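coords-v7.csv follows; it contains CSV, C-alpha atoms.
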chain,number,residue,atom,x,y,z
A,1,MET,CA,104.4,118.0,77.1
A,2,ASN,CA,106.1,115.5,74.7
A,3,PHE,CA,105.7,117.2,71.3
A,4,CYS,CA,105.6,120.7,69.9
A,5,SER,CA,102.0,121.5,69.1
A,6,ALA,CA,103.1,123.9,66.4
A,7,CYS,CA,105.7,121.8,64.4
A,8,GLY,CA,105.3,118.3,65.9
A,9,SER,CA,108.9,118.0,66.9
A,10,ALA,CA,109.8,115.8,69.9
A,11,ASN,CA,112.7,118.0,70.6
A,12,ILE,CA,111.0,119.7,73.6
A,13,ALA,CA,113.0,120.8,76.7
A,14,LEU,CA,112.3,122.7,79.9
A,15,GLN,CA,114.6,125.7,79.7
A,16,ILE,CA,114.8,129.4,80.6
A,17,PRO,CA,114.2,131.4,77.3
A,18,GLU,CA,116.4,134.4,76.6
A,19,GLY,CA,115.2,137.5,78.5
A,20,ASP,CA,113.0,135.3,80.8
A,21,ASN,CA,113.7,134.0,84.3
A,22,LYS,CA,111.5,130.9,84.5
A,23,LEU,CA,111.6,127.4,83.1
A,24,ARG,CA,109.3,126.9,80.1
A,25,TYR,CA,108.7,124.2,77.6
A,26,VAL,CA,110.6,125.3,74.5
A,27,CYS,CA,110.8,123.6,71.1
A,28,ALA,CA,114.4,123.4,69.9
A,29,ASP,CA,113.3,123.0,66.3
A,30,CYS,CA,110.8,125.9,65.8
A,31,GLY,CA,111.6,128.0,68.9
A,32,CYS,CA,108.0,127.9,70.1
A,33,ILE,CA,107.7,128.7,73.8
A,34,TYR,CA,104.9,127.2,75.9
A,35,TYR,CA,103.7,129.4,78.8
A,36,GLN,CA,101.5,127.9,81.6
A,37,ASN,CA,99.5,130.3,83.7
A,38,PRO,CA,97.0,130.1,86.5
A,39,LYS,CA,93.4,129.4,85.7
A,40,ILE,CA,90.3,131.2,87.1
A,41,VAL,CA,87.6,129.3,88.8
A,42,THR,CA,84.5,131.3,89.4
A,43,GLY,CA,81.0,130.7,90.7
A,44,CYS,CA,78.2,131.9,93.1
A,45,LEU,CA,77.2,131.7,96.7
A,46,ALA,CA,73.5,131.9,95.8
A,47,VAL,CA,71.1,132.8,98.6
A,48,TRP,CA,67.4,132.2,99.0
A,49,GLU,CA,65.7,133.3,102.3
A,50,GLN,CA,69.0,133.1,104.2
A,51,GLN,CA,69.7,129.6,102.8
A,52,ILE,CA,72.7,128.8,100.6
A,53,LEU,CA,72.6,126.7,97.4
A,54,LEU,CA,75.0,123.8,97.4
A,55,CYS,CA,75.7,121.0,94.8
A,56,ARG,CA,76.9,117.5,95.5
A,57,ARG,CA,79.5,116.6,93.0
A,58,ALA,CA,78.8,113.9,90.3
A,59,ILE,CA,82.4,114.2,89.0
A,60,GLU,CA,86.0,113.7,90.2
A,61,PRO,CA,87.8,115.2,92.1
A,62,ARG,CA,85.8,115.0,95.3
A,63,TYR,CA,82.9,112.9,93.9
A,64,GLY,CA,80.0,112.9,96.3
A,65,LEU,CA,81.0,115.9,98.3
A,66,TRP,CA,79.3,119.3,98.5
A,67,THR,CA,80.4,122.5,96.9
A,68,LEU,CA,79.2,125.9,95.7
A,69,PRO,CA,78.5,126.0,91.9
A,70,ALA,CA,81.7,127.0,90.3
A,71,GLY,CA,84.1,126.1,87.5
A,72,PHE,CA,86.7,127.2,85.1
A,73,MET,CA,86.1,130.5,83.4
A,74,GLU,CA,86.0,130.2,79.6
A,75,ASN,CA,87.5,132.3,76.9
A,76,GLY,CA,85.1,135.0,75.6
A,77,GLU,CA,83.2,135.7,78.8
A,78,SER,CA,83.3,138.1,81.7
A,79,LEU,CA,83.8,136.9,85.3
A,80,GLU,CA,80.2,137.6,86.1
A,81,GLN,CA,79.0,135.7,83.0
A,82,ALA,CA,81.2,132.8,83.9
A,83,ALA,CA,79.9,132.7,87.4
A,84,GLN,CA,76.3,132.8,86.2
A,85,ARG,CA,76.9,130.1,83.6
A,86,GLU,CA,78.5,127.7,86.1
A,87,THR,CA,75.6,128.3,88.5
A,88,TRP,CA,73.2,127.4,85.6
A,89,GLU,CA,75.2,124.4,84.4
A,90,GLU,CA,75.7,122.8,87.9
A,91,ALA,CA,72.5,123.8,89.6
A,92,GLN,CA,70.1,125.0,86.8
A,93,ALA,CA,69.7,128.1,88.9
A,94,LYS,CA,69.5,131.8,88.0
A,95,VAL,CA,71.0,134.5,90.2
A,96,ASN,CA,71.0,138.2,90.2
A,97,ASN,CA,72.5,141.2,92.1
A,98,LEU,CA,75.9,139.5,91.9
A,99,GLN,CA,78.5,141.1,94.2
A,100,LEU,CA,82.1,140.1,94.2
A,101,TYR,CA,82.7,138.3,97.5
A,102,THR,CA,85.9,136.3,97.7
A,103,ILE,CA,89.1,136.2,95.7
A,104,THR,CA,91.4,133.4,96.7
A,105,SER,CA,94.8,132.6,95.2
A,106,LEU,CA,95.7,128.9,95.3
A,107,PRO,CA,99.4,129.0,94.2
A,108,ARG,CA,99.9,125.2,94.9
A,109,VAL,CA,97.3,124.3,92.3
A,110,ASN,CA,97.7,127.3,90.0
A,111,GLN,CA,94.2,128.6,90.4
A,112,VAL,CA,92.5,131.8,91.5
A,113,TYR,CA,89.0,131.4,92.9
A,114,VAL,CA,86.6,134.3,92.3
A,115,MET,CA,83.3,133.8,94.1
A,116,PHE,CA,80.2,136.1,93.9
A,117,ARG,CA,77.3,136.5,96.3
A,118,GLY,CA,74.0,136.5,94.6
A,119,GLU,CA,70.3,136.2,95.1
A,120,LEU,CA,68.5,133.1,93.7
A,121,LEU,CA,65.7,134.2,91.4
A,122,ASP,CA,63.4,131.4,92.5
A,123,THR,CA,63.6,127.8,93.8
A,124,SER,CA,63.4,126.1,90.5
A,125,TYR,CA,66.9,124.8,90.8
A,126,ALA,CA,67.8,121.2,89.7
A,127,CYS,CA,70.8,119.0,89.1
A,128,GLY,CA,73.0,119.8,86.1
A,129,ILE,CA,75.0,116.8,84.7
A,130,GLU,CA,77.9,117.5,87.1
A,131,SER,CA,75.7,117.3,90.2
A,132,LEU,CA,74.2,114.4,92.1
A,133,GLU,CA,72.0,116.7,94.3
A,134,VAL,CA,71.3,120.4,94.6
A,135,GLU,CA,69.9,121.7,97.9
A,136,LEU,CA,69.4,124.8,100.0
A,137,PHE,CA,71.1,124.7,103.4
A,138,SER,CA,70.5,127.1,106.3
A,139,ILE,CA,73.7,128.4,107.9
A,140,THR,CA,73.2,126.1,110.9
A,141,GLU,CA,72.8,123.0,108.8
A,142,LEU,CA,75.8,123.4,106.4
A,143,PRO,CA,77.5,120.0,105.7
A,144,TRP,CA,80.9,121.1,107.0
A,145,HIS,CA,82.4,117.6,107.1
A,146,LYS,CA,81.3,116.8,103.6
A,147,LEU,CA,82.6,119.8,101.7
A,148,ALA,CA,84.7,119.2,98.6
A,149,PHE,CA,87.3,122.0,98.8
A,150,ARG,CA,89.0,124.0,101.5
A,151,VAL,CA,88.5,127.2,99.5
A,152,ILE,CA,84.7,126.6,99.5
A,153,GLU,CA,84.8,125.9,103.3
A,154,GLN,CA,86.6,129.2,103.8
A,155,THR,CA,84.1,131.1,101.6
A,156,LEU,CA,81.2,129.6,103.6
A,157,ASN,CA,83.0,130.4,106.9
A,158,LEU,CA,83.4,134.0,105.8
A,159,TYR,CA,79.7,134.2,104.8
A,160,CYS,CA,78.5,132.8,108.1
A,161,SER,CA,80.7,135.3,110.0
A,162,ASP,CA,79.6,138.3,107.8
A,163,ALA,CA,76.0,137.2,108.0
A,164,ALA,CA,76.2,137.2,111.9
A,165,LYS,CA,77.5,140.8,111.6
A,166,LYS,CA,75.0,141.6,108.9
A,167,GLN,CA,77.9,143.2,107.0
A,168,PHE,CA,79.3,141.6,103.8
A,169,LYS,CA,82.7,142.8,102.4
A,170,LEU,CA,85.1,141.6,99.8
A,171,HIS,CA,87.7,139.1,101.1
A,172,VAL,CA,91.1,138.7,99.3
A,173,ASP,CA,93.2,135.9,100.5
A,174,THR,CA,95.7,133.2,99.7
A,175,ILE,CA,95.5,129.5,100.7
A,176,ASP,CA,99.1,128.1,100.6
B,1,MET,CA,97.5,123.9,67.2
B,2,ASN,CA,98.7,121.4,64.6
B,3,PHE,CA,99.9,118.5,66.6
B,4,CYS,CA,98.9,116.7,69.8
B,5,SER,CA,101.5,117.7,72.5
B,6,ALA,CA,100.9,114.3,74.3
B,7,CYS,CA,101.2,111.8,71.4
B,8,GLY,CA,102.5,113.9,68.5
B,9,SER,CA,99.6,113.0,66.2
B,10,ALA,CA,98.5,115.5,63.5
B,11,ASN,CA,95.0,114.2,63.8
B,12,ILE,CA,93.8,117.2,65.7
B,13,ALA,CA,90.3,118.7,65.2
B,14,LEU,CA,88.1,121.4,66.7
B,15,GLN,CA,85.1,119.5,68.1
B,16,ILE,CA,82.7,119.5,71.1
B,17,PRO,CA,83.8,116.7,73.4
B,18,GLU,CA,81.1,114.4,74.9
B,19,GLY,CA,79.5,116.0,77.9
B,20,ASP,CA,80.8,119.4,76.9
B,21,ASN,CA,79.2,122.3,75.0
B,22,LYS,CA,82.2,124.2,73.6
B,23,LEU,CA,84.6,123.6,70.7
B,24,ARG,CA,88.0,122.3,71.9
B,25,TYR,CA,91.0,121.0,70.2
B,26,VAL,CA,90.8,117.2,70.5
B,27,CYS,CA,93.3,114.5,69.4
B,28,ALA,CA,91.5,111.8,67.5
B,29,ASP,CA,94.3,109.3,68.2
B,30,CYS,CA,94.9,109.6,72.0
B,31,GLY,CA,91.7,111.5,73.0
B,32,CYS,CA,93.6,114.3,74.7
B,33,ILE,CA,91.4,117.5,75.0
B,34,TYR,CA,93.1,120.9,75.0
B,35,TYR,CA,91.3,123.6,77.0
B,36,GLN,CA,92.1,127.2,76.6
B,37,ASN,CA,91.2,129.6,79.4
B,38,PRO,CA,91.5,133.3,80.1
B,39,LYS,CA,94.8,134.6,81.6
B,40,ILE,CA,95.2,136.9,84.5
B,41,VAL,CA,97.2,140.2,84.1
B,42,THR,CA,98.1,141.8,87.3
B,43,GLY,CA,100.0,144.8,88.5
B,44,CYS,CA,100.2,147.9,90.6
B,45,LEU,CA,99.1,151.5,90.6
B,46,ALA,CA,102.0,152.6,92.8
B,47,VAL,CA,101.7,156.0,94.4
B,48,TRP,CA,104.4,158.4,95.8
B,49,GLU,CA,103.2,161.7,97.2
B,50,GLN,CA,100.1,161.7,95.0
B,51,GLN,CA,102.1,160.9,91.9
B,52,ILE,CA,101.6,157.6,89.9
B,53,LEU,CA,104.4,155.4,88.6
B,54,LEU,CA,104.2,154.7,84.9
B,55,CYS,CA,106.4,152.7,82.6
B,56,ARG,CA,107.0,153.4,78.9
B,57,ARG,CA,107.0,150.0,77.1
B,58,ALA,CA,110.2,148.7,75.5
B,59,ILE,CA,108.3,145.7,74.0
B,60,GLU,CA,105.4,145.0,71.6
B,61,PRO,CA,102.5,145.4,71.7
B,62,ARG,CA,102.3,149.2,72.1
B,63,TYR,CA,106.0,149.8,72.1
B,64,GLY,CA,106.8,153.3,73.3
B,65,LEU,CA,103.5,153.9,75.0
B,66,TRP,CA,102.9,154.3,78.8
B,67,THR,CA,101.3,151.8,81.1
B,68,LEU,CA,101.1,150.7,84.7
B,69,PRO,CA,103.6,148.0,85.6
B,70,ALA,CA,101.6,144.7,85.0
B,71,GLY,CA,101.9,141.4,83.4
B,72,PHE,CA,100.8,137.8,83.3
B,73,MET,CA,100.4,136.0,86.6
B,74,GLU,CA,102.7,133.0,86.8
B,75,ASN,CA,102.0,129.5,88.2
B,76,GLY,CA,102.9,129.1,91.9
B,77,GLU,CA,102.3,132.7,93.0
B,78,SER,CA,99.4,134.6,94.6
B,79,LEU,CA,97.8,137.6,92.9
B,80,GLU,CA,99.6,140.0,95.3
B,81,GLN,CA,103.0,138.3,94.8
B,82,ALA,CA,102.5,138.5,91.0
B,83,ALA,CA,101.6,142.2,91.1
B,84,GLN,CA,104.6,143.0,93.3
B,85,ARG,CA,106.9,140.9,91.0
B,86,GLU,CA,105.7,142.7,87.9
B,87,THR,CA,106.2,146.1,89.5
B,88,TRP,CA,109.7,145.0,90.4
B,89,GLU,CA,110.5,143.6,86.9
B,90,GLU,CA,109.2,146.5,84.9
B,91,ALA,CA,110.0,149.4,87.2
B,92,GLN,CA,112.5,148.1,89.8
B,93,ALA,CA,110.1,149.4,92.4
B,94,LYS,CA,108.8,148.1,95.7
B,95,VAL,CA,105.3,148.7,96.9
B,96,ASN,CA,103.5,148.0,100.1
B,97,ASN,CA,100.0,148.3,101.6
B,98,LEU,CA,98.5,146.7,98.5
B,99,GLN,CA,94.8,147.1,98.1
B,100,LEU,CA,92.8,145.4,95.4
B,101,TYR,CA,91.6,148.2,93.2
B,102,THR,CA,90.2,147.2,89.7
B,103,ILE,CA,89.1,143.9,88.3
B,104,THR,CA,88.4,144.1,84.6
B,105,SER,CA,87.2,141.3,82.3
B,106,LEU,CA,88.4,141.6,78.7
B,107,PRO,CA,86.4,138.8,77.0
B,108,ARG,CA,87.6,139.8,73.5
B,109,VAL,CA,91.2,139.1,74.4
B,110,ASN,CA,90.6,136.4,77.0
B,111,GLN,CA,92.2,138.3,79.9
B,112,VAL,CA,91.2,139.4,83.3
B,113,TYR,CA,93.1,142.5,84.7
B,114,VAL,CA,93.6,142.6,88.4
B,115,MET,CA,95.1,145.9,89.5
B,116,PHE,CA,96.2,146.8,93.1
B,117,ARG,CA,96.8,150.3,94.6
B,118,GLY,CA,100.0,150.4,96.6
B,119,GLU,CA,102.4,152.8,98.1
B,120,LEU,CA,105.9,153.1,96.7
B,121,LEU,CA,108.5,152.4,99.4
B,122,ASP,CA,110.9,155.0,98.0
B,123,THR,CA,111.9,156.7,94.7
B,124,SER,CA,114.7,154.4,93.8
B,125,TYR,CA,112.7,153.0,90.8
B,126,ALA,CA,114.5,152.3,87.5
B,127,CYS,CA,113.8,150.7,84.1
B,128,GLY,CA,113.4,147.0,83.9
B,129,ILE,CA,114.3,145.3,80.6
B,130,GLU,CA,110.7,145.7,79.4
B,131,SER,CA,110.7,149.5,80.0
B,132,LEU,CA,112.2,152.4,78.1
B,133,GLU,CA,111.4,154.9,80.9
B,134,VAL,CA,109.9,154.8,84.3
B,135,GLU,CA,108.5,158.1,85.7
B,136,LEU,CA,106.2,159.5,88.4
B,137,PHE,CA,103.3,161.6,87.0
B,138,SER,CA,101.0,163.9,89.0
B,139,ILE,CA,97.3,163.4,88.2
B,140,THR,CA,97.2,166.6,86.2
B,141,GLU,CA,100.1,165.5,84.0
B,142,LEU,CA,99.2,162.0,83.1
B,143,PRO,CA,100.0,161.2,79.4
B,144,TRP,CA,96.4,160.4,78.4
B,145,HIS,CA,97.1,160.3,74.7
B,146,LYS,CA,100.1,158.1,75.0
B,147,LEU,CA,98.7,155.3,77.1
B,148,ALA,CA,99.2,151.7,75.9
B,149,PHE,CA,95.9,150.0,76.8
B,150,ARG,CA,92.3,151.1,77.3
B,151,VAL,CA,92.1,149.1,80.6
B,152,ILE,CA,95.0,151.1,82.0
B,153,GLU,CA,93.3,154.3,80.9
B,154,GLN,CA,90.1,153.2,82.6
B,155,THR,CA,92.0,152.3,85.8
B,156,LEU,CA,93.8,155.8,85.8
B,157,ASN,CA,90.4,157.5,85.2
B,158,LEU,CA,88.9,155.7,88.2
B,159,TYR,CA,91.8,156.6,90.3
B,160,CYS,CA,91.6,160.3,89.4
B,161,SER,CA,87.9,160.3,90.1
B,162,ASP,CA,88.3,158.5,93.5
B,163,ALA,CA,91.2,160.7,94.4
B,164,ALA,CA,89.0,163.8,93.8
B,165,LYS,CA,86.5,162.3,96.2
B,166,LYS,CA,89.2,161.1,98.6
B,167,GLN,CA,87.5,157.7,98.6
B,168,PHE,CA,88.9,154.7,96.9
B,169,LYS,CA,86.7,151.6,96.3
B,170,LEU,CA,87.0,148.4,94.4
B,171,HIS,CA,85.8,148.6,90.8
B,172,VAL,CA,84.6,145.5,89.0
B,173,ASP,CA,83.9,145.9,85.3
B,174,THR,CA,84.0,144.5,81.8
B,175,ILE,CA,85.4,146.1,78.6
B,176,ASP,CA,83.7,144.5,75.6

Please express the file's structure as structure tokens.
Amino acid sequence: MNFCSACGSANIALQIPEGDNKLRYVCADCGCIYYQNPKIVTGCLAVWEQQILLCRRAIEPRYGLWTLPAGFMENGESLEQAAQRETWEEAQAKVNNLQLYTITSLPRVNQVYVMFRGELLDTSYACGIESLEVELFSITELPWHKLAFRVIEQTLNLYCSDAAKKQFKLHVDTID
Amino acid sequence: MNFCSACGSANIALQIPEGDNKLRYVCADCGCIYYQNPKIVTGCLAVWEQQILLCRRAIEPRYGLWTLPAGFMENGESLEQAAQRETWEEAQAKVNNLQLYTITSLPRVNQVYVMFRGELLDTSYACGIESLEVELFSITELPWHKLAFRVIEQTLNLYCSDAAKKQFKLHVDTID
């Protein structure tokens, strides 16, 4: 942050505003305060006949590695709409019966992951522009050593464990 | 947004960047794209001997009306830490045994509310700087007509209904 986006001043400094207790970017000319908050990443663990839909990333970070379809929630949508949109954009797949499955705070990267379980409507999935491949994996064939993100590895681990018990519950966790 | 906060240019326009499908603020000079995403509001429904802790707001919006202690999640913290911090800041109260209780998407105001149930450690609560009063209310005495936000009213309604059944579960919802 080099310039105030309200008045254009370069007189921007990190300081603690009055009545606050955290450092914020503040414009010394117009007084505008810039707050930065965590972003929500949401998506689906979409299942078809006990197989899980994964996407191989066509973008950085983690180009070429496998992940669940997920991405940043946008303004103007609900969590569920965002998860379905991301599943469509990355895997051209439609899911229903969405159930909230994992909520994972990632304080080091200022994100909260919200993943739903859902049922694939059919097998007409395909690559969206952010995917190199989209594929169904059975639990015994998941590409554990080629996964893009630890939070995705954890969500898949929980799914495998819950599937073995045939009992799925919500998991709330933090990866530090 | 009038100026690019990276290069200071006033050459900012709302446009759909290449490979995207949504309008974003884009700097025509340095190419910087400004994404805006929903914010997380989190807090606690803190209970002491079947009474609920509410705060009367000392700030706008909804100055003077009652709410559960809650506020914007900050970078570098987990959901649970944020909920506990807000409960401390607004009601000088400590809670434990936090259980995720309601997750409410508010697409019209680009927020997701994440509320926990928790047990008050003791009754040494007090006003934080954003509160005019902090008080315990029994379920039959809740100030329904003086609540600050619909999402808080809904969370309290769910709590009363679950308390009557003596069974609390997670509620995921959208207020449109």

Inset, instruction - After a least-squares fit of chain A on chain B across every C-alpha pair in order, what's the RMSD, to one decimal? - result: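 C-alpha RMSD, chain A fitted to chain B: 0.1 Å.
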
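Minimum distance to chain B across A:Leu68, A:Leu79, A:Ala58, A:Ile152 (counting only C-alpha atoms) occurs at A:Leu79.
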
Proximity check chain B to chain A, 9 Å, nearest pairs one decimal Å, all atoms listed in the file, as a tab-separated table:
residue	atom	partner	partner_atom	distance
B:Met1	CA	A:Ser5	CA	5.4
B:Asn2	CA	A:Ala6	CA	5.4
B:Phe3	CA	A:Ser5	CA	4.4
B:Cys4	CA	A:Ser5	CA	5.8
B:Ser5	CA	A:Phe3	CA	4.4
B:Ala6	CA	A:Asn2	CA	5.4
B:Cys7	CA	A:Asn2	CA	7.0
B:Gly8	CA	A:Phe3	CA	5.4
B:Ser9	CA	A:Gly8	CA	7.8
B:Ala10	CA	A:Gly8	CA	7.7
B:Gly19	CA	A:Ile129	CA	8.2
B:Tyr35	CA	A:Glu74	CA	8.9
B:Gln36	CA	A:Asn75	CA	6.9
B:Asn37	CA	A:Asn75	CA	5.2
B:Pro38	CA	A:Asn75	CA	5.2
B:Lys39	CA	A:Asn37	CA	6.7
B:Ile40	CA	A:Pro38	CA	7.3
B:Phe72	CA	A:Asn37	CA	7.6
B:Met73	CA	A:Asn37	CA	6.5
B:Glu74	CA	A:Asn37	CA	5.2
B:Asn75	CA	A:Asn110	CA	5.2
B:Gly76	CA	A:Pro107	CA	4.2
B:Glu77	CA	A:Pro107	CA	4.9
B:Ser78	CA	A:Ser105	CA	5.1
B:Leu79	CA	A:Ser105	CA	6.3
B:Glu80	CA	A:Ser105	CA	8.8
B:Leu100	CA	A:Val172	CA	7.9
B:Thr104	CA	A:Ser78	CA	8.4
B:Ser105	CA	A:Ser78	CA	5.1
B:Leu106	CA	A:Ser78	CA	6.9
B:Pro107	CA	A:Gly76	CA	4.3
B:Arg108	CA	A:Gly76	CA	5.8
B:Val109	CA	A:Gly76	CA	7.4
B:Asn110	CA	A:Asn75	CA	5.1
B:Gln111	CA	A:Asn75	CA	8.2
B:Val112	CA	A:Leu79	CA	8.1
B:Ile129	CA	A:Gly19	CA	8.1
B:Leu170	CA	A:Leu170	CA	8.9
B:Val172	CA	A:Leu100	CA	7.9
B:Asp173	CA	A:Ser78	CA	8.6
B:Thr174	CA	A:Ser78	CA	6.4
B:Ile175	CA	A:Ser78	CA	8.8
B:Asp176	CA	A:Ser78	CA	8.9

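Between atom CA of B:Glu89 and atom CA of B:Val41 the separation is 14.0 Å.
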
Skip B:Glu60 itself and residues of its chain fewer than 5 positions away, then list as a PDB file with C-alpha atoms, keeping the file's coordinate frame all residues within 12 Å of it, counting all atoms listed in the file.
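Dumped everything to part_35.pdb:
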ATOM      1  CA  LEU B  65     103.500 153.900  75.000  1.00  0.00           C
ATOM      2  CA  GLU B 130     110.700 145.700  79.400  1.00  0.00           C
ATOM      3  CA  SER B 131     110.700 149.500  80.000  1.00  0.00           C
ATOM      4  CA  LEU B 132     112.200 152.400  78.100  1.00  0.00           C
ATOM      5  CA  ALA B 148      99.200 151.700  75.900  1.00  0.00           C
ATOM      6  CA  PHE B 149      95.900 150.000  76.800  1.00  0.00           C
TER       7      PHE B 149
END

Legend entry - Among listed residues A:Ala82, A:Leu120, A:Leu156, A:Met115, nearest A:Val47 (using only C-alpha atoms):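 Nearest to A:Val47: A:Leu120.
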
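Among B:Ala83, B:Tyr159, B:Thr67, B:Ile33, the residue with the shortest atom-to-atom distance to B:Asp20, counting only C-alpha atoms, is B:Ile33.
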
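Computed from the coordinates, the atom CA of A:Arg62 to atom CA of A:Glu119 distance equals 26.3 Å.
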
As a PDB file, in the coordinates of the input, the rebuilt stretch 75-82 of chain A with all heavy atoms:
ATOM      1  N   ASN A  75      87.175 131.216  77.742  1.00  0.00           N
ATOM      2  CA  ASN A  75      87.500 132.300  76.900  1.00  0.00           C
ATOM      3  C   ASN A  75      86.196 132.989  76.368  1.00  0.00           C
ATOM      4  O   ASN A  75      85.175 132.323  76.207  1.00  0.00           O
ATOM      5  CB  ASN A  75      88.273 131.832  75.632  1.00  0.00           C
ATOM      6  CG  ASN A  75      89.745 131.609  75.965  1.00  0.00           C
ATOM      7  OD1 ASN A  75      90.208 131.960  77.049  1.00  0.00           O
ATOM      8  ND2 ASN A  75      90.482 131.052  75.021  1.00  0.00           N
ATOM      9  N   GLY A  76      86.245 134.306  76.178  1.00  0.00           N
ATOM     10  CA  GLY A  76      85.100 135.000  75.600  1.00  0.00           C
ATOM     11  C   GLY A  76      84.014 135.411  76.521  1.00  0.00           C
ATOM     12  O   GLY A  76      82.957 135.861  76.081  1.00  0.00           O
ATOM     13  N   GLU A  77      84.219 135.239  77.826  1.00  0.00           N
ATOM     14  CA  GLU A  77      83.200 135.700  78.800  1.00  0.00           C
ATOM     15  C   GLU A  77      83.781 136.537  79.860  1.00  0.00           C
ATOM     16  O   GLU A  77      84.995 136.543  80.077  1.00  0.00           O
ATOM     17  CB  GLU A  77      82.428 134.456  79.346  1.00  0.00           C
ATOM     18  CG  GLU A  77      83.276 133.479  80.104  1.00  0.00           C
ATOM     19  CD  GLU A  77      82.525 132.191  80.503  1.00  0.00           C
ATOM     20  OE1 GLU A  77      81.349 132.007  80.140  1.00  0.00           O
ATOM     21  OE2 GLU A  77      83.147 131.368  81.198  1.00  0.00           O
ATOM     22  N   SER A  78      82.898 137.289  80.559  1.00  0.00           N
ATOM     23  CA  SER A  78      83.300 138.100  81.700  1.00  0.00           C
ATOM     24  C   SER A  78      83.264 137.185  82.954  1.00  0.00           C
ATOM     25  O   SER A  78      82.646 136.114  82.942  1.00  0.00           O
ATOM     26  CB  SER A  78      82.434 139.291  81.886  1.00  0.00           C
ATOM     27  OG  SER A  78      81.146 138.878  82.296  1.00  0.00           O
ATOM     28  N   LEU A  79      83.881 137.657  84.043  1.00  0.00           N
ATOM     29  CA  LEU A  79      83.800 136.900  85.300  1.00  0.00           C
ATOM     30  C   LEU A  79      82.375 136.664  85.718  1.00  0.00           C
ATOM     31  O   LEU A  79      82.005 135.549  86.098  1.00  0.00           O
ATOM     32  CB  LEU A  79      84.531 137.694  86.406  1.00  0.00           C
ATOM     33  CG  LEU A  79      86.048 137.577  86.461  1.00  0.00           C
ATOM     34  CD1 LEU A  79      86.621 138.633  87.396  1.00  0.00           C
ATOM     35  CD2 LEU A  79      86.468 136.181  86.919  1.00  0.00           C
ATOM     36  N   GLU A  80      81.573 137.706  85.643  1.00  0.00           N
ATOM     37  CA  GLU A  80      80.200 137.600  86.100  1.00  0.00           C
ATOM     38  C   GLU A  80      79.399 136.611  85.186  1.00  0.00           C
ATOM     39  O   GLU A  80      78.638 135.776  85.689  1.00  0.00           O
ATOM     40  CB  GLU A  80      79.542 138.984  86.063  1.00  0.00           C
ATOM     41  CG  GLU A  80      78.249 139.031  86.825  1.00  0.00           C
ATOM     42  CD  GLU A  80      77.781 140.471  87.076  1.00  0.00           C
ATOM     43  OE1 GLU A  80      78.615 141.304  87.450  1.00  0.00           O
ATOM     44  OE2 GLU A  80      76.583 140.723  86.897  1.00  0.00           O
ATOM     45  N   GLN A  81      79.614 136.696  83.889  1.00  0.00           N
ATOM     46  CA  GLN A  81      79.000 135.700  83.000  1.00  0.00           C
ATOM     47  C   GLN A  81      79.377 134.314  83.290  1.00  0.00           C
ATOM     48  O   GLN A  81      78.559 133.383  83.255  1.00  0.00           O
ATOM     49  CB  GLN A  81      79.304 136.071  81.523  1.00  0.00           C
ATOM     50  CG  GLN A  81      78.616 137.316  80.982  1.00  0.00           C
ATOM     51  CD  GLN A  81      79.174 137.741  79.628  1.00  0.00           C
ATOM     52  OE1 GLN A  81      80.316 137.420  79.268  1.00  0.00           O
ATOM     53  NE2 GLN A  81      78.385 138.495  78.880  1.00  0.00           N
ATOM     54  N   ALA A  82      80.655 134.126  83.566  1.00  0.00           N
ATOM     55  CA  ALA A  82      81.200 132.800  83.900  1.00  0.00           C
ATOM     56  C   ALA A  82      80.544 132.240  85.138  1.00  0.00           C
ATOM     57  O   ALA A  82      80.147 131.068  85.200  1.00  0.00           O
ATOM     58  CB  ALA A  82      82.687 132.818  83.969  1.00  0.00           C
TER      59      ALA A  82
END
